Amino acid sequence: MDMENTNLFEFAEYDELESEHIAAPRYSYWKSVWRTFFKNKITVGVAVLLLCIIIFALIQPMMSGYSPIKTPNINNSHLKFLKPSPEHIFGTDHVGNEVFDAVWAGARNSIIISFICTAINMLIGIPIGALWGFSKKMDRWMIEVYNVISNVPFLLLAMILSYVLGAGMRSLIITMTCTEWIFVAYFIRTQVMIIRDREYNLASKCLGTGTWTMIMKNILPYLISVIMTYVSREVPSLISYEVFLSYMGLGLGTTNASLGQSIAMYTSYMNGYPHLFWIPVSVLAIISISLYIVGQRLADAADPRTHM
């Protein structure tokens, strides 16, 4: 090397910490979840529609003052069985009530009950299911409890609880959560058993990691997408349960509005006024399908394998 050109070069310094640096973009799990979710424009449109429906269902009944126990009045006979029009959006029913008000008051109660029941079932079922799947001792007697509860007919149990507790939102929530949580727990137990004996969990156990720490740090984070998939099915199914129980007269009773109560009440008018029946059924279908689509898409977005 020409000594006159030595000033053109300099020695590279060695930095031990810098050599350990991984040249990769910073990864955020939840940012990736939302980025993946919002890629599908159809799903975003369904999510916006669902959000608008939920907000409207929560607000509209407070302004309408709808009451399901309104009795027929001779003076308003001219307001009965009016067909849908700009003035009466969904028409009127046999006592002159606006079907529009009845449907949204029922949708409000159905949505509130389904979300409350889902939250209770998940808050109870997920921790118990995680411990159930991790503990082989607990599995021995919990599987017997599951076998007993799963063989009790749900309708029979609902009838007994409705008779003991009476009709109303509180008794309906108890009815829909007293056994449903164990099915959530059984589902989580199965998922935990699939991954509990993987190498990293065995190594963590050998190093003395506590049971709950392993469940919270090593297992449940891998089940986020699976849990979201279950929730996406749970909410619509609980709405269907509420509608079915109200239809059978085991739900909220006659003093509270419900989609099931509206469907049951308007079924007898199918021949002359079929719109009375199909309008609440259509609203129920839109809410249930929208919840399922959004939940499934969110569950797919929660899977790290889709974060490319």
# chains A, B, ... in the order shown; residues from 1 in each chain; ligands from 1

$ residues_around --residues "A:Phe187" --least-positions-apart "4" --cutoff "10 Å" --atoms "only C-alpha atoms" --output "ChimeraX atom specification"
/A:125-126,129-130,133,181-183,191-192,226-227,230

$ write_last_selection --atoms "all heavy atoms" --output "CSV table (one decimal), in the first residue's frame"
chain,number,residue,atom,x,y,z
A,125,GLY,N,-64.6,-19.5,32.3
A,125,GLY,CA,-64.2,-20.7,31.5
A,125,GLY,C,-62.7,-20.7,31.1
A,125,GLY,O,-62.1,-21.8,31.2
A,126,ILE,N,-62.2,-19.6,30.8
A,126,ILE,CA,-60.8,-19.6,30.3
A,126,ILE,C,-59.8,-19.9,31.4
A,126,ILE,O,-59.0,-20.8,31.2
A,126,ILE,CB,-60.4,-18.2,29.6
A,126,ILE,CG1,-61.2,-18.1,28.3
A,126,ILE,CG2,-59.0,-18.1,29.4
A,126,ILE,CD1,-61.1,-16.7,27.6
A,129,GLY,N,-60.4,-23.6,32.4
A,129,GLY,CA,-60.0,-24.5,31.3
A,129,GLY,C,-58.5,-24.5,31.2
A,129,GLY,O,-57.9,-25.6,30.9
A,130,ALA,N,-57.8,-23.4,31.4
A,130,ALA,CA,-56.3,-23.4,31.3
A,130,ALA,C,-55.7,-24.3,32.4
A,130,ALA,O,-54.8,-25.1,32.1
A,130,ALA,CB,-55.8,-22.0,31.3
A,133,GLY,N,-56.6,-28.0,31.8
A,133,GLY,CA,-55.8,-28.7,30.8
A,133,GLY,C,-54.3,-28.9,31.2
A,133,GLY,O,-53.6,-29.8,30.7
A,181,TRP,N,-70.3,-22.0,30.8
A,181,TRP,CA,-68.9,-21.8,31.1
A,181,TRP,C,-68.1,-23.1,31.1
A,181,TRP,O,-66.9,-23.1,30.7
A,181,TRP,CB,-68.8,-21.2,32.5
A,181,TRP,CG,-69.2,-22.1,33.6
A,181,TRP,CD1,-70.4,-22.1,34.2
A,181,TRP,CD2,-68.4,-23.0,34.3
A,181,TRP,NE1,-70.4,-23.1,35.2
A,181,TRP,CE2,-69.2,-23.7,35.3
A,181,TRP,CE3,-67.0,-23.4,34.2
A,181,TRP,CZ2,-68.7,-24.7,36.1
A,181,TRP,CZ3,-66.6,-24.4,35.0
A,181,TRP,CH2,-67.4,-25.0,36.0
A,182,ILE,N,-68.7,-24.2,31.4
A,182,ILE,CA,-67.9,-25.4,31.4
A,182,ILE,C,-67.6,-25.9,30.0
A,182,ILE,O,-66.6,-26.6,29.8
A,182,ILE,CB,-68.6,-26.5,32.3
A,182,ILE,CG1,-67.6,-27.6,32.7
A,182,ILE,CG2,-69.8,-27.2,31.5
A,182,ILE,CD1,-68.1,-28.5,33.7
A,183,PHE,N,-68.4,-25.6,29.1
A,183,PHE,CA,-68.2,-25.9,27.7
A,183,PHE,C,-67.0,-25.1,27.2
A,183,PHE,O,-66.2,-25.5,26.4
A,183,PHE,CB,-69.4,-25.7,26.8
A,183,PHE,CG,-70.5,-26.6,27.2
A,183,PHE,CD1,-71.6,-26.2,27.9
A,183,PHE,CD2,-70.5,-28.0,26.9
A,183,PHE,CE1,-72.7,-27.0,28.3
A,183,PHE,CE2,-71.5,-28.8,27.2
A,183,PHE,CZ,-72.6,-28.3,27.9
A,191,GLN,N,-57.4,-27.3,24.0
A,191,GLN,CA,-56.3,-26.5,23.3
A,191,GLN,C,-55.0,-26.5,24.1
A,191,GLN,O,-53.9,-26.6,23.6
A,191,GLN,CB,-56.8,-25.1,23.1
A,191,GLN,CG,-58.1,-25.0,22.2
A,191,GLN,CD,-57.8,-25.6,20.8
A,191,GLN,OE1,-56.8,-25.4,20.2
A,191,GLN,NE2,-58.8,-26.4,20.3
A,192,VAL,N,-55.2,-26.4,25.5
A,192,VAL,CA,-54.0,-26.3,26.3
A,192,VAL,C,-53.3,-27.7,26.3
A,192,VAL,O,-52.0,-27.7,26.3
A,192,VAL,CB,-54.4,-25.9,27.8
A,192,VAL,CG1,-53.3,-26.1,28.8
A,192,VAL,CG2,-54.9,-24.5,27.8
A,226,VAL,N,-57.5,-18.6,18.8
A,226,VAL,CA,-58.4,-19.7,19.0
A,226,VAL,C,-59.6,-19.2,19.9
A,226,VAL,O,-60.7,-19.5,19.7
A,226,VAL,CB,-57.7,-20.9,19.7
A,226,VAL,CG1,-58.7,-22.0,20.0
A,226,VAL,CG2,-56.6,-21.4,18.8
A,227,ILE,N,-59.2,-18.4,20.9
A,227,ILE,CA,-60.2,-17.8,21.8
A,227,ILE,C,-61.1,-16.9,21.1
A,227,ILE,O,-62.4,-16.9,21.2
A,227,ILE,CB,-59.6,-17.1,23.0
A,227,ILE,CG1,-58.9,-18.2,23.9
A,227,ILE,CG2,-60.6,-16.3,23.8
A,227,ILE,CD1,-58.0,-17.6,25.0
A,230,TYR,N,-63.6,-18.8,19.1
A,230,TYR,CA,-64.7,-19.3,19.9
A,230,TYR,C,-65.7,-18.1,20.3
A,230,TYR,O,-66.9,-18.4,20.3
A,230,TYR,CB,-64.1,-19.9,21.2
A,230,TYR,CG,-65.1,-20.7,22.0
A,230,TYR,CD1,-65.2,-22.1,21.7
A,230,TYR,CD2,-66.0,-20.2,22.9
A,230,TYR,CE1,-66.1,-22.9,22.4
A,230,TYR,CE2,-66.9,-21.0,23.6
A,230,TYR,CZ,-67.0,-22.3,23.4
A,230,TYR,OH,-67.9,-23.1,24.0

$ closest_residue --among "A:Gly91, A:Gly96, A:Gly65, A:Gly106" --to "A:His78" --atoms "only C-alpha atoms"
A:Gly96

$ closest_residue --among "A:Ile53, A:His307, A:Ala119, A:Thr179" --to "A:Lys31" --atoms "only C-alpha atoms"
A:His307

$ closest_residue --among "A:Asp93, A:Glu98, A:Glu13, A:Glu242" --to "A:Gly168" --atoms "only C-alpha atoms"
A:Glu242

$ residues_around --residues "stretch 84-88 of chain A" --least-positions-apart "4" --cutoff "9 Å" --atoms "only C-alpha atoms" --output "ChimeraX atom specification"
/A:92,98-100,275

$ closest_atom_pairs --of "stretch 47-97 of chain A" --to "stretch 284-304 of chain A" --cutoff "12 Å" --atoms "only C-alpha atoms" --output "CSV"
residue,atom,partner,partner_atom,distance
A:Ala47,CA,A:Val294,CA,6.0
A:Val48,CA,A:Ser290,CA,9.8
A:Leu49,CA,A:Ser290,CA,8.0
A:Leu50,CA,A:Ser290,CA,6.1
A:Leu51,CA,A:Ser290,CA,9.6
A:Cys52,CA,A:Ile287,CA,10.7
A:Ile53,CA,A:Ile287,CA,7.7
A:Ile54,CA,A:Ile287,CA,8.5
A:Ala57,CA,A:Ile287,CA,10.6

$ write_last_selection --atoms "all heavy atoms" --output "mmCIF file, in the first residue's frame"
data_model
loop_
_atom_site.group_PDB
_atom_site.id
_atom_site.type_symbol
_atom_site.label_atom_id
_atom_site.label_comp_id
_atom_site.auth_asym_id
_atom_site.auth_seq_id
_atom_site.Cartn_x
_atom_site.Cartn_y
_atom_site.Cartn_z
ATOM 1 N N ALA A 47 -68.045 -4.506 9.697
ATOM 2 C CA ALA A 47 -67.758 -4.049 11.060
ATOM 3 C C ALA A 47 -68.386 -2.683 11.325
ATOM 4 O O ALA A 47 -68.941 -2.440 12.412
ATOM 5 C CB ALA A 47 -66.250 -3.992 11.285
ATOM 6 N N VAL A 48 -68.309 -1.792 10.339
ATOM 7 C CA VAL A 48 -68.931 -0.468 10.488
ATOM 8 C C VAL A 48 -70.448 -0.607 10.600
ATOM 9 O O VAL A 48 -71.091 0.040 11.441
ATOM 10 C CB VAL A 48 -68.553 0.435 9.300
ATOM 11 C CG1 VAL A 48 -69.358 1.742 9.339
ATOM 12 C CG2 VAL A 48 -67.062 0.742 9.314
ATOM 13 N N LEU A 49 -71.035 -1.472 9.769
ATOM 14 C CA LEU A 49 -72.481 -1.720 9.830
ATOM 15 C C LEU A 49 -72.876 -2.266 11.192
ATOM 16 O O LEU A 49 -73.869 -1.824 11.799
ATOM 17 C CB LEU A 49 -72.887 -2.695 8.726
ATOM 18 C CG LEU A 49 -74.341 -3.189 8.746
ATOM 19 C CD1 LEU A 49 -75.306 -2.025 8.528
ATOM 20 C CD2 LEU A 49 -74.558 -4.283 7.699
ATOM 21 N N LEU A 50 -72.111 -3.238 11.691
ATOM 22 C CA LEU A 50 -72.399 -3.833 12.994
ATOM 23 C C LEU A 50 -72.296 -2.803 14.099
ATOM 24 O O LEU A 50 -73.145 -2.754 15.003
ATOM 25 C CB LEU A 50 -71.433 -4.998 13.253
ATOM 26 C CG LEU A 50 -71.549 -5.689 14.613
ATOM 27 C CD1 LEU A 50 -72.919 -6.321 14.769
ATOM 28 C CD2 LEU A 50 -70.462 -6.746 14.762
ATOM 29 N N LEU A 51 -71.258 -1.966 14.056
ATOM 30 C CA LEU A 51 -71.084 -0.930 15.080
ATOM 31 C C LEU A 51 -72.255 0.048 15.061
ATOM 32 O O LEU A 51 -72.766 0.432 16.130
ATOM 33 C CB LEU A 51 -69.766 -0.192 14.844
ATOM 34 C CG LEU A 51 -69.388 0.877 15.882
ATOM 35 C CD1 LEU A 51 -69.229 0.247 17.261
ATOM 36 C CD2 LEU A 51 -68.105 1.593 15.474
ATOM 37 N N CYS A 52 -72.692 0.438 13.876
ATOM 38 C CA CYS A 52 -73.840 1.348 13.765
ATOM 39 C C CYS A 52 -75.107 0.704 14.317
ATOM 40 O O CYS A 52 -75.900 1.369 15.007
ATOM 41 C CB CYS A 52 -74.045 1.752 12.303
ATOM 42 S SG CYS A 52 -72.729 2.793 11.619
ATOM 43 N N ILE A 53 -75.309 -0.585 14.030
ATOM 44 C CA ILE A 53 -76.494 -1.296 14.523
ATOM 45 C C ILE A 53 -76.486 -1.350 16.049
ATOM 46 O O ILE A 53 -77.511 -1.098 16.702
ATOM 47 C CB ILE A 53 -76.555 -2.714 13.929
ATOM 48 C CG1 ILE A 53 -76.901 -2.648 12.434
ATOM 49 C CG2 ILE A 53 -77.584 -3.571 14.662
ATOM 50 C CD1 ILE A 53 -76.850 -3.991 11.738
ATOM 51 N N ILE A 54 -75.326 -1.685 16.627
ATOM 52 C CA ILE A 54 -75.233 -1.798 18.090
ATOM 53 C C ILE A 54 -75.484 -0.447 18.750
ATOM 54 O O ILE A 54 -76.247 -0.341 19.725
ATOM 55 C CB ILE A 54 -73.857 -2.363 18.490
ATOM 56 C CG1 ILE A 54 -73.737 -3.819 18.043
ATOM 57 C CG2 ILE A 54 -73.651 -2.248 19.996
ATOM 58 C CD1 ILE A 54 -72.366 -4.426 18.287
ATOM 59 N N ALA A 57 -79.137 0.453 18.381
ATOM 60 C CA ALA A 57 -79.982 -0.394 19.231
ATOM 61 C C ALA A 57 -79.896 0.019 20.699
ATOM 62 O O ALA A 57 -80.858 -0.146 21.455
ATOM 63 C CB ALA A 57 -79.584 -1.863 19.079
#

$ atom_distance --atom1 "atom CA of A:Asn147" --atom2 "atom CA of A:Tyr163"
24.9 Å

$ closest_residue --among "A:Asn218, A:Ser262, A:Ser114, A:Thr267" --to "A:Arg233" --atoms "only C-alpha atoms"
A:Ser114

$ residues_around --residues "A:Ala257" --least-positions-apart "3" --cutoff "9 Å" --atoms "only C-alpha atoms" --output "list in words"
Tyr66, Ser67, Pro68, Ala102, Val103, Trp104, Ala105, Gly106, Ala107, Arg108, Asn109, Ser110, Leu252, Gly253, Thr254, Gly260, Gln261 and Ser262 of chain A

$ select_by_dssp --residues "stretch 68-194 of chain A" --states "alpha helix (DSSP H)" --output "ChimeraX atom specification"
/A:99-134,136-150,154-165,169-177,180-194

$ residues_around --residues "A:Ile113" --least-positions-apart "6" --cutoff "9 Å" --atoms "only C-alpha atoms" --output "PyMOL selection string"
chain A and resi 169+172-173+238-239+242

$ residues_around --residues "A:Asn121" --least-positions-apart "5" --cutoff "8 Å" --atoms "only C-alpha atoms" --output "ChimeraX atom specification"
/A:177,180-181,184
